[in-house]
Amino acid sequence: MIDRHLAELYAVPTKSLNLAVKRNIEKFPEEFMFRLTKEEYDSLRFQFETLKRGKHSKYLPYAFTEHGVAMAANVLKSERATRMSILIVKAFVKLRAVISTHKELAAQLKLLESKVDKHDAAIQSIIEAIKQLMQPPNPPRKPIGFKIRKNKKNEY
């Protein structure tokens with residue numbers, strides 16, 4: 001979450017949020033908060049809004065993770081910040097659950113697909129065997145060799 005949006009949710013100026021963070025920078029390791037690069041910021045800005053006079057800071061914004069959002073509420077120590085922090089953390093938890101459900105579903109589909117592939121080959125071989133059994137037997141062949149006639153006069 002970008003610092004400006006977080007400050008809006010906590011009902012404080014962005015400058016106040018950033019100052020509170022700077023005063024307590026030891027509470028914000030890299031996995032809680034980081035500064036966007038110029039390229040990342042430009043990409044976000046062009047995707048979501050146009051540049052308006054006075055609206056954009058000359059400094060690159062900070063981005064907060066779910067842990068950083070919670071820590072920012074502790075640093076600000078306002079009632080609204082605490083309430084909003086709880087709601088935001090709950091939203092992150094739900095988002096993580098949705099993502100994990102999709103990953104599990106994809107894994108189960110892949111497993112099912114591999115089982116079906118294995119069974120398809122087995123089913124195909126069973127069908128071939130049944131087809132062979134359904135074929136009429138080959139016509140009987142003539143016996144090979146000499147035929148001995150048996151007549152009543154010349155019995156051997």
# chains A, B, ... in the order shown; residues from 1 in each chain; ligands from 1
$ select_by_dssp --residues "range 54-156 of chain A" --states "helix (DSSP H, G or I)" --output "NGL selection string"
:A and (66-76 or 79-134)
$ write_last_selection --atoms "C-alpha atoms" --output "short mmCIF file (atom, residue, chain, number, x, y, z; two decimals), in the first residue's frame"
data_model
loop_
_atom_site.label_atom_id
_atom_site.label_comp_id
_atom_site.auth_asym_id
_atom_site.auth_seq_id
_atom_site.Cartn_x
_atom_site.Cartn_y
_atom_site.Cartn_z
CA GLU A 66 0.61 -5.81 5.67
CA HIS A 67 3.11 -5.83 8.53
CA GLY A 68 4.15 -2.28 7.75
CA VAL A 69 0.52 -1.18 7.77
CA ALA A 70 0.09 -2.59 11.26
CA MET A 71 3.35 -1.05 12.44
CA ALA A 72 2.35 2.35 11.01
CA ALA A 73 -0.80 2.24 13.14
CA ASN A 74 1.35 1.64 16.22
CA VAL A 75 3.63 4.54 15.32
CA LEU A 76 0.74 6.94 14.68
CA GLU A 79 -7.80 5.60 17.27
CA ARG A 80 -8.64 5.78 13.58
CA ALA A 81 -5.21 4.41 12.66
CA THR A 82 -5.76 1.42 14.96
CA ARG A 83 -9.25 0.68 13.58
CA MET A 84 -8.15 1.01 9.98
CA SER A 85 -5.05 -1.09 10.62
CA ILE A 86 -7.19 -3.96 11.87
CA LEU A 87 -9.44 -3.76 8.79
CA ILE A 88 -6.49 -3.60 6.41
CA VAL A 89 -4.72 -6.56 8.04
CA LYS A 90 -7.96 -8.57 7.80
CA ALA A 91 -8.16 -7.70 4.09
CA PHE A 92 -4.56 -8.90 3.58
CA VAL A 93 -5.34 -12.15 5.42
CA LYS A 94 -8.40 -12.77 3.21
CA LEU A 95 -6.36 -12.00 0.09
CA ARG A 96 -3.70 -14.50 1.19
CA ALA A 97 -6.41 -17.13 1.79
CA VAL A 98 -7.86 -16.57 -1.69
CA ILE A 99 -4.44 -16.86 -3.30
CA SER A 100 -3.66 -20.02 -1.34
CA THR A 101 -7.01 -21.55 -2.32
CA HIS A 102 -6.25 -20.93 -5.98
CA LYS A 103 -2.82 -22.52 -5.61
CA GLU A 104 -4.32 -25.57 -3.91
CA LEU A 105 -7.00 -25.85 -6.59
CA ALA A 106 -4.39 -25.65 -9.35
CA ALA A 107 -2.32 -28.36 -7.65
CA GLN A 108 -5.36 -30.64 -7.29
CA LEU A 109 -6.29 -30.13 -10.95
CA LYS A 110 -2.77 -31.03 -12.00
CA LEU A 111 -2.89 -34.18 -9.85
CA LEU A 112 -6.28 -35.15 -11.28
CA GLU A 113 -5.02 -34.52 -14.80
CA SER A 114 -2.04 -36.84 -14.27
CA LYS A 115 -4.34 -39.55 -12.86
CA VAL A 116 -6.68 -39.27 -15.82
CA ASP A 117 -3.76 -39.54 -18.23
CA LYS A 118 -2.57 -42.73 -16.53
CA HIS A 119 -6.07 -44.20 -16.50
CA ASP A 120 -6.68 -43.26 -20.13
CA ALA A 121 -3.85 -45.52 -21.25
CA ALA A 122 -5.14 -48.38 -19.08
CA ILE A 123 -8.72 -47.93 -20.32
CA GLN A 124 -7.51 -47.85 -23.93
CA SER A 125 -5.65 -51.16 -23.51
CA ILE A 126 -8.74 -52.77 -21.95
CA ILE A 127 -10.88 -51.61 -24.88
CA GLU A 128 -8.37 -53.05 -27.36
CA ALA A 129 -8.41 -56.39 -25.55
CA ILE A 130 -12.22 -56.46 -25.60
CA LYS A 131 -12.24 -55.68 -29.35
CA GLN A 132 -9.88 -58.56 -30.00
CA LEU A 133 -12.12 -60.93 -28.03
CA MET A 134 -15.16 -59.78 -30.02
#
$ closest_residue --among "A:Ile144, A:Leu19, A:Ile25, A:Ala63" --to "Thr37 in chain A" --atoms "only C-alpha atoms"
A:Ala63
$ closest_residue --among "A:Ser78, A:Glu39, A:Pro61, A:Pro140" --to "Thr14 in chain A" --atoms "only C-alpha atoms"
A:Pro61
$ select_by_dssp --residues "chain A" --states "strand (DSSP E)" --output "list in words"
Met33, Phe34, Arg35, Tyr62, Ala63 and Phe64 of chain A
$ write_last_selection --atoms "N, CA and C atoms" --output "short mmCIF file (atom, residue, chain, number, x, y, z; two decimals), in the first residue's frame"
data_model
loop_
_atom_site.label_atom_id
_atom_site.label_comp_id
_atom_site.auth_asym_id
_atom_site.auth_seq_id
_atom_site.Cartn_x
_atom_site.Cartn_y
_atom_site.Cartn_z
N MET A 33 8.39 -2.24 4.80
CA MET A 33 8.25 -1.02 4.04
C MET A 33 9.48 -0.83 3.15
N PHE A 34 9.27 -0.26 1.97
CA PHE A 34 10.39 0.04 1.07
C PHE A 34 9.99 1.23 0.21
N ARG A 35 10.98 1.89 -0.33
CA ARG A 35 10.72 3.04 -1.20
C ARG A 35 10.64 2.54 -2.64
N TYR A 62 6.74 5.66 -0.26
CA TYR A 62 7.01 4.39 0.41
C TYR A 62 5.86 3.44 0.10
N ALA A 63 6.18 2.16 0.06
CA ALA A 63 5.16 1.12 -0.08
C ALA A 63 5.20 0.28 1.19
N PHE A 64 4.04 0.00 1.75
CA PHE A 64 3.94 -0.74 3.01
C PHE A 64 3.33 -2.12 2.76
#
$ atom_distance --atom1 "CA of Ser16 in chain A" --atom2 "CA of Thr65 in chain A"
18.6 Å
